[in-house]
Structures are given as C-alpha cells and as structure tokens.
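As provided, protein.cif (mmCIF, C-alpha atoms) reads as follows.
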data_input
loop_
_atom_site.label_atom_id
_atom_site.label_comp_id
_atom_site.auth_asym_id
_atom_site.auth_seq_id
_atom_site.Cartn_x
_atom_site.Cartn_y
_atom_site.Cartn_z
CA MET A 1 -227.55 -40.69 -67.80
CA GLU A 2 -227.88 -37.32 -66.13
CA SER A 3 -226.13 -38.65 -63.02
CA TRP A 4 -223.04 -39.39 -65.12
CA LEU A 5 -222.80 -36.55 -67.66
CA HIS A 6 -224.08 -33.04 -67.01
CA PRO A 7 -223.05 -29.44 -67.86
CA VAL A 8 -220.01 -28.25 -65.93
CA VAL A 9 -217.47 -25.40 -66.05
CA LEU A 10 -213.84 -26.50 -66.39
CA GLU A 11 -211.19 -23.88 -65.66
CA GLY A 12 -207.40 -23.72 -65.83
CA GLU A 13 -204.76 -21.00 -65.93
CA LEU A 14 -205.23 -20.04 -69.60
CA VAL A 15 -208.66 -21.28 -70.54
CA LYS A 16 -212.19 -21.70 -69.25
CA LEU A 17 -214.65 -24.16 -70.77
CA VAL A 18 -218.26 -23.13 -70.24
CA PRO A 19 -221.46 -24.89 -71.39
CA LEU A 20 -222.32 -23.94 -74.97
CA GLU A 21 -225.33 -21.61 -75.29
CA LYS A 22 -227.21 -20.08 -78.19
CA SER A 23 -226.08 -16.67 -76.93
CA HIS A 24 -222.51 -17.59 -77.94
CA LYS A 25 -223.41 -17.49 -81.66
CA VAL A 26 -221.92 -14.10 -82.52
CA ASP A 27 -218.70 -14.71 -80.58
CA LEU A 28 -218.21 -18.15 -82.12
CA ALA A 29 -218.80 -16.83 -85.64
CA PHE A 30 -216.23 -14.09 -84.96
CA ALA A 31 -213.72 -16.65 -83.63
CA ALA A 32 -214.15 -18.88 -86.70
CA SER A 33 -213.62 -15.84 -88.93
CA ASP A 34 -210.10 -15.50 -87.54
CA GLY A 35 -208.42 -17.53 -90.29
CA ASN A 36 -211.67 -18.37 -92.15
CA LEU A 37 -211.47 -21.79 -90.54
CA TRP A 38 -214.46 -23.20 -92.42
CA GLU A 39 -212.41 -23.05 -95.64
CA LEU A 40 -210.25 -25.97 -94.44
CA TRP A 41 -211.97 -28.75 -96.38
CA TYR A 42 -210.95 -31.50 -93.94
CA THR A 43 -212.56 -29.84 -90.89
CA SER A 44 -216.14 -29.14 -89.80
CA VAL A 45 -215.84 -25.59 -88.49
CA PRO A 46 -219.05 -23.58 -89.00
CA SER A 47 -219.15 -20.52 -91.24
CA PRO A 48 -221.11 -17.44 -90.12
CA ALA A 49 -224.04 -18.76 -92.17
CA THR A 50 -224.03 -22.18 -90.48
CA THR A 51 -223.23 -21.26 -86.87
CA ASP A 52 -226.90 -21.37 -85.84
CA ALA A 53 -227.32 -24.90 -87.18
CA TYR A 54 -224.00 -25.96 -85.61
CA ILE A 55 -225.08 -24.80 -82.16
CA ASN A 56 -228.61 -26.22 -82.51
CA THR A 57 -227.24 -29.64 -83.44
CA ALA A 58 -224.88 -29.61 -80.45
CA LEU A 59 -227.70 -28.65 -78.07
CA LEU A 60 -230.00 -31.33 -79.49
CA GLU A 61 -227.27 -33.91 -78.88
CA LEU A 62 -226.88 -32.55 -75.35
CA GLY A 63 -230.59 -33.03 -74.73
CA ALA A 64 -230.39 -36.58 -76.04
CA GLY A 65 -227.45 -37.40 -73.76
CA LYS A 66 -225.14 -37.91 -76.73
CA SER A 67 -222.78 -34.98 -76.17
CA LEU A 68 -221.68 -32.25 -73.77
CA PRO A 69 -220.61 -29.16 -75.77
CA PHE A 70 -218.38 -26.38 -74.43
CA THR A 71 -217.50 -22.87 -75.53
CA ILE A 72 -213.78 -22.12 -75.10
CA VAL A 73 -212.89 -18.80 -73.44
CA ASP A 74 -209.34 -17.39 -73.41
CA LYS A 75 -208.91 -16.16 -69.84
CA ARG A 76 -206.21 -13.69 -70.83
CA THR A 77 -208.66 -11.68 -72.95
CA ASN A 78 -212.01 -13.09 -71.77
CA ALA A 79 -212.80 -13.69 -75.45
CA VAL A 80 -214.53 -16.71 -76.99
CA VAL A 81 -211.92 -18.48 -79.13
CA GLY A 82 -213.56 -21.76 -80.13
CA THR A 83 -215.54 -24.78 -79.08
CA THR A 84 -215.13 -28.45 -78.15
CA ARG A 85 -217.32 -31.22 -76.82
CA TYR A 86 -217.64 -34.65 -75.31
CA MET A 87 -219.43 -36.62 -78.02
CA ASN A 88 -220.45 -40.15 -79.05
CA VAL A 89 -221.17 -40.67 -75.36
CA ASP A 90 -221.55 -44.31 -74.30
CA ALA A 91 -222.63 -43.99 -70.67
CA PRO A 92 -223.14 -47.71 -69.88
CA ASN A 93 -219.60 -48.46 -71.03
CA LYS A 94 -218.07 -45.26 -69.61
CA ARG A 95 -216.61 -44.17 -72.95
CA LEU A 96 -216.73 -40.92 -74.86
CA GLU A 97 -214.96 -39.00 -77.60
CA ILE A 98 -213.46 -35.52 -77.44
CA GLY A 99 -214.13 -33.80 -80.73
CA HIS A 100 -215.57 -30.91 -82.74
CA THR A 101 -212.64 -28.92 -81.36
CA TRP A 102 -211.47 -25.78 -83.14
CA TYR A 103 -209.75 -22.55 -82.18
CA ALA A 104 -209.42 -19.07 -83.66
CA LYS A 105 -206.16 -18.85 -85.59
CA ARG A 106 -204.65 -16.35 -83.16
CA VAL A 107 -204.64 -18.85 -80.26
CA GLN A 108 -203.49 -21.91 -82.19
CA ARG A 109 -200.14 -23.25 -81.01
CA THR A 110 -200.18 -21.09 -77.89
CA GLY A 111 -200.50 -23.79 -75.23
CA LEU A 112 -204.22 -23.19 -74.92
CA ASN A 113 -205.10 -26.50 -76.62
CA THR A 114 -202.86 -28.50 -74.29
CA GLU A 115 -204.58 -27.07 -71.23
CA CYS A 116 -208.02 -27.47 -72.79
CA LYS A 117 -207.43 -31.17 -73.48
CA TYR A 118 -205.90 -31.61 -70.03
CA LEU A 119 -209.05 -30.24 -68.38
CA LEU A 120 -211.32 -32.42 -70.51
CA LEU A 121 -209.27 -35.57 -69.92
CA LYS A 122 -208.94 -34.93 -66.18
CA HIS A 123 -212.70 -34.53 -65.80
CA ALA A 124 -213.37 -37.58 -67.98
CA PHE A 125 -211.05 -39.91 -66.11
CA GLU A 126 -211.16 -38.54 -62.55
CA THR A 127 -214.78 -37.40 -62.23
CA LEU A 128 -216.70 -39.36 -64.87
CA ARG A 129 -214.46 -42.42 -64.36
CA CYS A 130 -214.20 -43.16 -68.08
CA ILE A 131 -212.45 -46.36 -69.09
CA ALA A 132 -211.38 -44.86 -72.43
CA VAL A 133 -211.46 -41.50 -74.21
CA GLU A 134 -211.38 -41.38 -78.01
CA PHE A 135 -210.20 -38.83 -80.54
CA ARG A 136 -211.06 -38.99 -84.25
CA THR A 137 -209.89 -36.86 -87.14
CA ASN A 138 -209.76 -36.76 -90.91
CA PHE A 139 -206.83 -38.70 -92.39
CA HIS A 140 -205.75 -35.55 -94.24
CA ASN A 141 -205.82 -33.35 -91.12
CA HIS A 142 -202.15 -33.86 -90.26
CA PRO A 143 -201.93 -30.96 -87.76
CA SER A 144 -204.78 -32.52 -85.76
CA ARG A 145 -203.28 -36.02 -85.96
CA ASN A 146 -199.92 -34.74 -84.69
CA ALA A 147 -201.57 -32.76 -81.89
CA ILE A 148 -203.49 -35.82 -80.72
CA LEU A 149 -200.32 -37.92 -80.66
CA ARG A 150 -198.55 -35.21 -78.64
CA LEU A 151 -201.28 -35.49 -76.01
CA GLY A 152 -200.20 -39.07 -75.41
CA ALA A 153 -203.01 -40.84 -77.28
CA LYS A 154 -202.27 -43.96 -79.28
CA GLN A 155 -203.61 -44.65 -82.77
CA ASP A 156 -206.14 -47.48 -82.81
CA GLY A 157 -206.62 -47.60 -86.57
CA ILE A 158 -208.17 -46.02 -89.65
CA LEU A 159 -211.85 -46.31 -90.60
CA ARG A 160 -211.64 -46.26 -94.39
CA ASN A 161 -214.52 -44.65 -96.35
CA HIS A 162 -215.99 -43.82 -92.96
CA LYS A 163 -218.07 -40.85 -94.08
CA VAL A 164 -219.06 -38.73 -97.06
CA ASP A 165 -218.36 -35.05 -96.38
CA ALA A 166 -220.43 -32.03 -97.43
CA ASN A 167 -218.56 -31.86 -100.74
CA GLY A 168 -219.09 -35.52 -101.54
CA ASN A 169 -215.53 -36.56 -100.66
CA LEU A 170 -214.99 -39.92 -98.98
CA ARG A 171 -213.40 -39.46 -95.56
CA ASP A 172 -210.98 -41.87 -93.94
CA THR A 173 -211.17 -41.34 -90.17
CA VAL A 174 -208.13 -41.93 -87.94
CA VAL A 175 -209.09 -43.17 -84.46
CA PHE A 176 -206.95 -42.60 -81.35
CA SER A 177 -207.60 -43.32 -77.68
CA ILE A 178 -206.29 -42.94 -74.14
CA LEU A 179 -207.18 -45.68 -71.63
CA ASP A 180 -207.85 -45.16 -67.94
CA SER A 181 -204.76 -47.24 -67.16
CA GLU A 182 -202.67 -44.78 -69.19
CA TRP A 183 -204.09 -41.59 -67.69
CA ARG A 184 -201.61 -41.24 -64.81
CA THR A 185 -198.63 -41.17 -67.18
CA VAL A 186 -200.41 -38.98 -69.76
CA LYS A 187 -201.41 -36.57 -66.98
CA THR A 188 -197.82 -36.31 -65.74
CA SER A 189 -196.61 -35.60 -69.28
CA LEU A 190 -199.26 -32.93 -69.93
CA GLU A 191 -198.58 -31.20 -66.60
CA PHE A 192 -194.86 -31.11 -67.41
CA ARG A 193 -195.56 -29.65 -70.87
CA MET A 194 -197.85 -26.99 -69.43
CA LYS A 195 -195.20 -25.97 -66.89
CA GLN A 196 -192.70 -25.71 -69.74
CA GLY A 197 -195.14 -23.57 -71.75
CA ALA A 198 -195.50 -26.17 -74.51
CA SER A 199 -197.43 -25.07 -77.59
CA LYS A 200 -200.38 -26.82 -79.18
#
Take the structure in the file and give it back as structure tokens.
Amino acid sequence: MESWLHPVVLEGELVKLVPLEKSHKVDLAFAASDGNLWELWYTSVPSPATTDAYINTALLELGAGKSLPFTIVDKRTNAVVGTTRYMNVDAPNKRLEIGHTWYAKRVQRTGLNTECKYLLLKHAFETLRCIAVEFRTNFHNHPSRNAILRLGAKQDGILRNHKVDANGNLRDTVVFSILDSEWRTVKTSLEFRMKQGASK
C-alpha cells in the first residue's frame, strides 16, 4: 500500500497542496469561518468546534491507507484556504475518490479549484496510474455537481438513501467518475481553462 499511495506535495501556479497536519487546525478553522461554511446543511465542512475531530479522522484514515488528506494553500497569500483528500482508496484496483473538498468563501470561483483538481487528477492518473477517479456529492449540492461536470467527469448514477446525515436527513449521493482512457482529453480541457483563467 505504501508503495502506491504516500504523502506528497502538489504545487501549481495558484495553489499548493501539502499533507494535512494537526498544526493546521487554527488555519483551517479560520478558513471555514469565511462564509460559515459548516452552516450549509448539504456539506460536511467542520465548524471551529469540530475541526479537531475532522483532522483526527482524516489522519486515522491516512494511517489505515484509506485516504491521503491535503491542506490547500493559496500561493498568492500563503494562507490556508481549505482542504481536500484522496479517499475510499482501493489500491488493488487502482481506484480512489477525490472528496472532502471545501474552500474559504473568498477563493471560491477564482480558478483555484480548477487547478487544485488538475493537480490531484494529474498525480492520480500519471503517477499513481489510477484506472478511475471518482467524485461524490449530495444530490442537493448543485454548485458541487456543476463544478464536477465542468471538470469533465461523467455522472455514473445516484445512490438513493445512501447515508443518514448528522441531522437525520436521508442523503442521495450523486456519483461521477473520470476514467484513465478519458484523462488525456480532460487534461487538455483543464489546461485550456486554466490558461483562459476559468473560474471554479
């Protein structure tokens, strides 16, 4: 497992993804406070009170080989602006999901997300040699669904009554994926969008 997935720094023009650490707690709580992101009922962004648990869970999953969490740093300000991770890792089948992604409100729709996803996808397909990369989101999270489609992912389907959220609501989960055979075209599209300064 360790020979396939291990902590790494991914860096582009706008953003740097660094391995998540407990020392990032204060900066992540501050980033989530920009827009009170935890108040969006269809997301799982930690509040200041739950940031410790959020980080601990991510690091436990890292230790178990189930995820590889990153802290997102805006290179223009050197500030922590969110987090993302490889998750639901299936090493034998060379599959993983990109998820638990959120950004401070001030950097949403700035082009930072496009570059962030580009770096994650490039590493997944070109270094880890994934055969497929998944994205999942709440049915009601239309901004996330639209952003995933703009990346070039295709919708696989909807898992109905997939989960029960913290408030007891039943969640339908929309599943998207990009296949290794599609990566060349998706990569070309993302690079064009980044050159054009595309948002989100």
With the file shown as input, list the residues that the PyMOL selection byres ((chain A and resi 62) around 10) selects, as a PDB file with C-alpha atoms, in the coordinates of the input.
ATOM      1  CA  LEU A   5    -222.800 -36.550 -67.660  1.00  0.00           C
ATOM      2  CA  HIS A   6    -224.080 -33.040 -67.010  1.00  0.00           C
ATOM      3  CA  PRO A   7    -223.050 -29.440 -67.860  1.00  0.00           C
ATOM      4  CA  LEU A  20    -222.320 -23.940 -74.970  1.00  0.00           C
ATOM      5  CA  ASN A  56    -228.610 -26.220 -82.510  1.00  0.00           C
ATOM      6  CA  THR A  57    -227.240 -29.640 -83.440  1.00  0.00           C
ATOM      7  CA  ALA A  58    -224.880 -29.610 -80.450  1.00  0.00           C
ATOM      8  CA  LEU A  59    -227.700 -28.650 -78.070  1.00  0.00           C
ATOM      9  CA  LEU A  60    -230.000 -31.330 -79.490  1.00  0.00           C
ATOM     10  CA  GLU A  61    -227.270 -33.910 -78.880  1.00  0.00           C
ATOM     11  CA  GLY A  63    -230.590 -33.030 -74.730  1.00  0.00           C
ATOM     12  CA  ALA A  64    -230.390 -36.580 -76.040  1.00  0.00           C
ATOM     13  CA  GLY A  65    -227.450 -37.400 -73.760  1.00  0.00           C
ATOM     14  CA  LYS A  66    -225.140 -37.910 -76.730  1.00  0.00           C
ATOM     15  CA  SER A  67    -222.780 -34.980 -76.170  1.00  0.00           C
ATOM     16  CA  LEU A  68    -221.680 -32.250 -73.770  1.00  0.00           C
ATOM     17  CA  PRO A  69    -220.610 -29.160 -75.770  1.00  0.00           C
ATOM     18  CA  ARG A  85    -217.320 -31.220 -76.820  1.00  0.00           C
ATOM     19  CA  TYR A  86    -217.640 -34.650 -75.310  1.00  0.00           C
ATOM     20  CA  MET A  87    -219.430 -36.620 -78.020  1.00  0.00           C
ATOM     21  CA  VAL A  89    -221.170 -40.670 -75.360  1.00  0.00           C
TER      22      VAL A  89
END
Requested in this report: Spell out the residues picked by the PyMOL selection byres ((chain A and resi 30) around 12) here, as JSON, numbers by chain.
Outcome: {"A": [24, 25, 26, 27, 28, 29, 31, 32, 33, 34, 35, 36, 37, 38, 46, 47, 48, 49, 51, 79, 80, 81, 82, 103, 104, 105, 106]}
Query - Interatomic distance, CA of Ile72 in chain A to CA of Ser23 in chain A (Å, one decimal) - result: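 Computing the Euclidean distance for CA of Ile72 in chain A and CA of Ser23 in chain A yields 13.6 Å.
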Report task. Record the distance separating CA of Thr173 in chain A and CA of Asp90 in chain A, expressed in Å with one decimal. Result -> 19.2 Å
Edge lengths and centre in Å, axis-aligned, range 100-115 of chain A plus 6 Å each side, as JSON:
{"center_x": -207.9, "center_y": -23.6, "center_z": -78.4, "size_x": 27.4, "size_y": 26.6, "size_z": 26.4}
Query raised in the report: CA of Asn138 in chain A and CA of His162 in chain A are how many Å apart?
Result: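 Atom-to-atom, CA of Asn138 in chain A and CA of His162 in chain A are spaced 9.6 Å apart.
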Query raised in the report: Pick from A:Phe176, A:Phe125, A:Arg109, A:Pro143: nearest to Ile158 in chain A, with all atoms listed in the file counted?
Result: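 The answer is A:Phe176, which sits nearest to Ile158 in chain A.
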Query raised in the report: Where does the PyMOL selection byres ((chain A and resi 9) around 9) land in this file, that is, which residues does it pick, as a PyMOL selection string?
Result: chain A and resi 7-8+10-11+16-19+70
With C-alpha atoms retained, could you export that selection as a compact mmCIF listing (two decimals), in the coordinates of the input?
# COMPACT_ATOMS: atom_id res chain seq x y z
CA PRO A 7 -223.05 -29.44 -67.86
CA VAL A 8 -220.01 -28.25 -65.93
CA LEU A 10 -213.84 -26.50 -66.39
CA GLU A 11 -211.19 -23.88 -65.66
CA LYS A 16 -212.19 -21.70 -69.25
CA LEU A 17 -214.65 -24.16 -70.77
CA VAL A 18 -218.26 -23.13 -70.24
CA PRO A 19 -221.46 -24.89 -71.39
CA PHE A 70 -218.38 -26.38 -74.43
Hey, could you patch up range 169-180 of chain A with all heavy atoms and hand it over as a PDB file, keeping the file's coordinate frame?
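So the final result, stored in result.pdb, reads:
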ATOM      1  N   ASN A 169    -216.790 -35.828-100.776  1.00  0.00           N
ATOM      2  CA  ASN A 169    -215.530 -36.560-100.660  1.00  0.00           C
ATOM      3  C   ASN A 169    -215.654 -37.684 -99.640  1.00  0.00           C
ATOM      4  O   ASN A 169    -216.306 -37.525 -98.609  1.00  0.00           O
ATOM      5  CB  ASN A 169    -214.400 -35.616-100.212  1.00  0.00           C
ATOM      6  CG  ASN A 169    -214.119 -34.530-101.221  1.00  0.00           C
ATOM      7  OD1 ASN A 169    -213.917 -34.806-102.390  1.00  0.00           O
ATOM      8  ND2 ASN A 169    -214.126 -33.286-100.764  1.00  0.00           N
ATOM      9  N   LEU A 170    -215.024 -38.825 -99.937  1.00  0.00           N
ATOM     10  CA  LEU A 170    -214.990 -39.920 -98.980  1.00  0.00           C
ATOM     11  C   LEU A 170    -213.928 -39.639 -97.929  1.00  0.00           C
ATOM     12  O   LEU A 170    -212.788 -39.314 -98.256  1.00  0.00           O
ATOM     13  CB  LEU A 170    -214.677 -41.234 -99.704  1.00  0.00           C
ATOM     14  CG  LEU A 170    -215.774 -41.723-100.655  1.00  0.00           C
ATOM     15  CD1 LEU A 170    -215.257 -42.895-101.485  1.00  0.00           C
ATOM     16  CD2 LEU A 170    -217.012 -42.133 -99.871  1.00  0.00           C
ATOM     17  N   ARG A 171    -214.316 -39.755 -96.674  1.00  0.00           N
ATOM     18  CA  ARG A 171    -213.400 -39.460 -95.560  1.00  0.00           C
ATOM     19  C   ARG A 171    -212.913 -40.738 -94.905  1.00  0.00           C
ATOM     20  O   ARG A 171    -213.707 -41.594 -94.509  1.00  0.00           O
ATOM     21  CB  ARG A 171    -214.110 -38.594 -94.526  1.00  0.00           C
ATOM     22  CG  ARG A 171    -213.375 -38.540 -93.182  1.00  0.00           C
ATOM     23  CD  ARG A 171    -214.043 -37.626 -92.195  1.00  0.00           C
ATOM     24  NE  ARG A 171    -213.675 -37.977 -90.825  1.00  0.00           N
ATOM     25  CZ  ARG A 171    -213.608 -37.111 -89.820  1.00  0.00           C
ATOM     26  NH1 ARG A 171    -213.901 -35.844 -90.026  1.00  0.00           N
ATOM     27  NH2 ARG A 171    -213.290 -37.515 -88.609  1.00  0.00           N
ATOM     28  N   ASP A 172    -211.592 -40.856 -94.795  1.00  0.00           N
ATOM     29  CA  ASP A 172    -210.980 -41.870 -93.940  1.00  0.00           C
ATOM     30  C   ASP A 172    -210.781 -41.228 -92.570  1.00  0.00           C
ATOM     31  O   ASP A 172    -210.208 -40.135 -92.469  1.00  0.00           O
ATOM     32  CB  ASP A 172    -209.631 -42.324 -94.494  1.00  0.00           C
ATOM     33  CG  ASP A 172    -209.762 -43.135 -95.773  1.00  0.00           C
ATOM     34  OD1 ASP A 172    -210.894 -43.540 -96.109  1.00  0.00           O
ATOM     35  OD2 ASP A 172    -208.735 -43.350 -96.442  1.00  0.00           O
ATOM     36  N   THR A 173    -211.244 -41.884 -91.527  1.00  0.00           N
ATOM     37  CA  THR A 173    -211.170 -41.340 -90.170  1.00  0.00           C
ATOM     38  C   THR A 173    -210.115 -42.086 -89.358  1.00  0.00           C
ATOM     39  O   THR A 173    -210.152 -43.316 -89.263  1.00  0.00           O
ATOM     40  CB  THR A 173    -212.525 -41.454 -89.460  1.00  0.00           C
ATOM     41  OG1 THR A 173    -213.492 -40.675 -90.164  1.00  0.00           O
ATOM     42  CG2 THR A 173    -212.434 -40.961 -88.025  1.00  0.00           C
ATOM     43  N   VAL A 174    -209.166 -41.337 -88.792  1.00  0.00           N
ATOM     44  CA  VAL A 174    -208.130 -41.930 -87.940  1.00  0.00           C
ATOM     45  C   VAL A 174    -208.623 -41.887 -86.494  1.00  0.00           C
ATOM     46  O   VAL A 174    -209.058 -40.843 -85.998  1.00  0.00           O
ATOM     47  CB  VAL A 174    -206.798 -41.163 -88.060  1.00  0.00           C
ATOM     48  CG1 VAL A 174    -205.693 -41.923 -87.333  1.00  0.00           C
ATOM     49  CG2 VAL A 174    -206.428 -40.974 -89.526  1.00  0.00           C
ATOM     50  N   VAL A 175    -208.574 -43.037 -85.831  1.00  0.00           N
ATOM     51  CA  VAL A 175    -209.090 -43.170 -84.460  1.00  0.00           C
ATOM     52  C   VAL A 175    -207.919 -43.331 -83.486  1.00  0.00           C
ATOM     53  O   VAL A 175    -207.025 -44.155 -83.706  1.00  0.00           O
ATOM     54  CB  VAL A 175    -210.026 -44.390 -84.340  1.00  0.00           C
ATOM     55  CG1 VAL A 175    -210.610 -44.486 -82.929  1.00  0.00           C
ATOM     56  CG2 VAL A 175    -211.141 -44.317 -85.384  1.00  0.00           C
ATOM     57  N   PHE A 176    -207.945 -42.536 -82.415  1.00  0.00           N
ATOM     58  CA  PHE A 176    -206.950 -42.600 -81.350  1.00  0.00           C
ATOM     59  C   PHE A 176    -207.688 -42.783 -80.020  1.00  0.00           C
ATOM     60  O   PHE A 176    -208.881 -42.481 -79.914  1.00  0.00           O
ATOM     61  CB  PHE A 176    -206.150 -41.293 -81.250  1.00  0.00           C
ATOM     62  CG  PHE A 176    -205.444 -40.885 -82.509  1.00  0.00           C
ATOM     63  CD1 PHE A 176    -206.113 -40.212 -83.525  1.00  0.00           C
ATOM     64  CD2 PHE A 176    -204.091 -41.143 -82.664  1.00  0.00           C
ATOM     65  CE1 PHE A 176    -205.456 -39.814 -84.677  1.00  0.00           C
ATOM     66  CE2 PHE A 176    -203.425 -40.748 -83.817  1.00  0.00           C
ATOM     67  CZ  PHE A 176    -204.105 -40.089 -84.825  1.00  0.00           C
ATOM     68  N   SER A 177    -206.972 -43.234 -78.998  1.00  0.00           N
ATOM     69  CA  SER A 177    -207.600 -43.320 -77.680  1.00  0.00           C
ATOM     70  C   SER A 177    -206.553 -43.236 -76.573  1.00  0.00           C
ATOM     71  O   SER A 177    -205.364 -43.476 -76.786  1.00  0.00           O
ATOM     72  CB  SER A 177    -208.409 -44.610 -77.528  1.00  0.00           C
ATOM     73  OG  SER A 177    -207.556 -45.741 -77.555  1.00  0.00           O
ATOM     74  N   ILE A 178    -207.052 -42.877 -75.392  1.00  0.00           N
ATOM     75  CA  ILE A 178    -206.290 -42.940 -74.140  1.00  0.00           C
ATOM     76  C   ILE A 178    -207.111 -43.805 -73.194  1.00  0.00           C
ATOM     77  O   ILE A 178    -208.327 -43.582 -73.042  1.00  0.00           O
ATOM     78  CB  ILE A 178    -206.055 -41.552 -73.538  1.00  0.00           C
ATOM     79  CG1 ILE A 178    -205.214 -40.681 -74.485  1.00  0.00           C
ATOM     80  CG2 ILE A 178    -205.360 -41.665 -72.166  1.00  0.00           C
ATOM     81  CD1 ILE A 178    -205.087 -39.230 -74.039  1.00  0.00           C
ATOM     82  N   LEU A 179    -206.499 -44.794 -72.562  1.00  0.00           N
ATOM     83  CA  LEU A 179    -207.180 -45.680 -71.630  1.00  0.00           C
ATOM     84  C   LEU A 179    -207.020 -45.170 -70.197  1.00  0.00           C
ATOM     85  O   LEU A 179    -206.074 -44.439 -69.888  1.00  0.00           O
ATOM     86  CB  LEU A 179    -206.620 -47.097 -71.731  1.00  0.00           C
ATOM     87  CG  LEU A 179    -206.599 -47.740 -73.123  1.00  0.00           C
ATOM     88  CD1 LEU A 179    -206.038 -49.155 -73.037  1.00  0.00           C
ATOM     89  CD2 LEU A 179    -207.989 -47.729 -73.744  1.00  0.00           C
ATOM     90  N   ASP A 180    -207.935 -45.586 -69.331  1.00  0.00           N
ATOM     91  CA  ASP A 180    -207.850 -45.160 -67.940  1.00  0.00           C
ATOM     92  C   ASP A 180    -206.536 -45.596 -67.298  1.00  0.00           C
ATOM     93  O   ASP A 180    -205.962 -44.879 -66.470  1.00  0.00           O
ATOM     94  CB  ASP A 180    -209.057 -45.653 -67.122  1.00  0.00           C
ATOM     95  CG  ASP A 180    -209.262 -47.164 -67.194  1.00  0.00           C
ATOM     96  OD1 ASP A 180    -208.629 -47.834 -68.035  1.00  0.00           O
ATOM     97  OD2 ASP A 180    -210.080 -47.673 -66.396  1.00  0.00           O
TER      98      ASP A 180
END
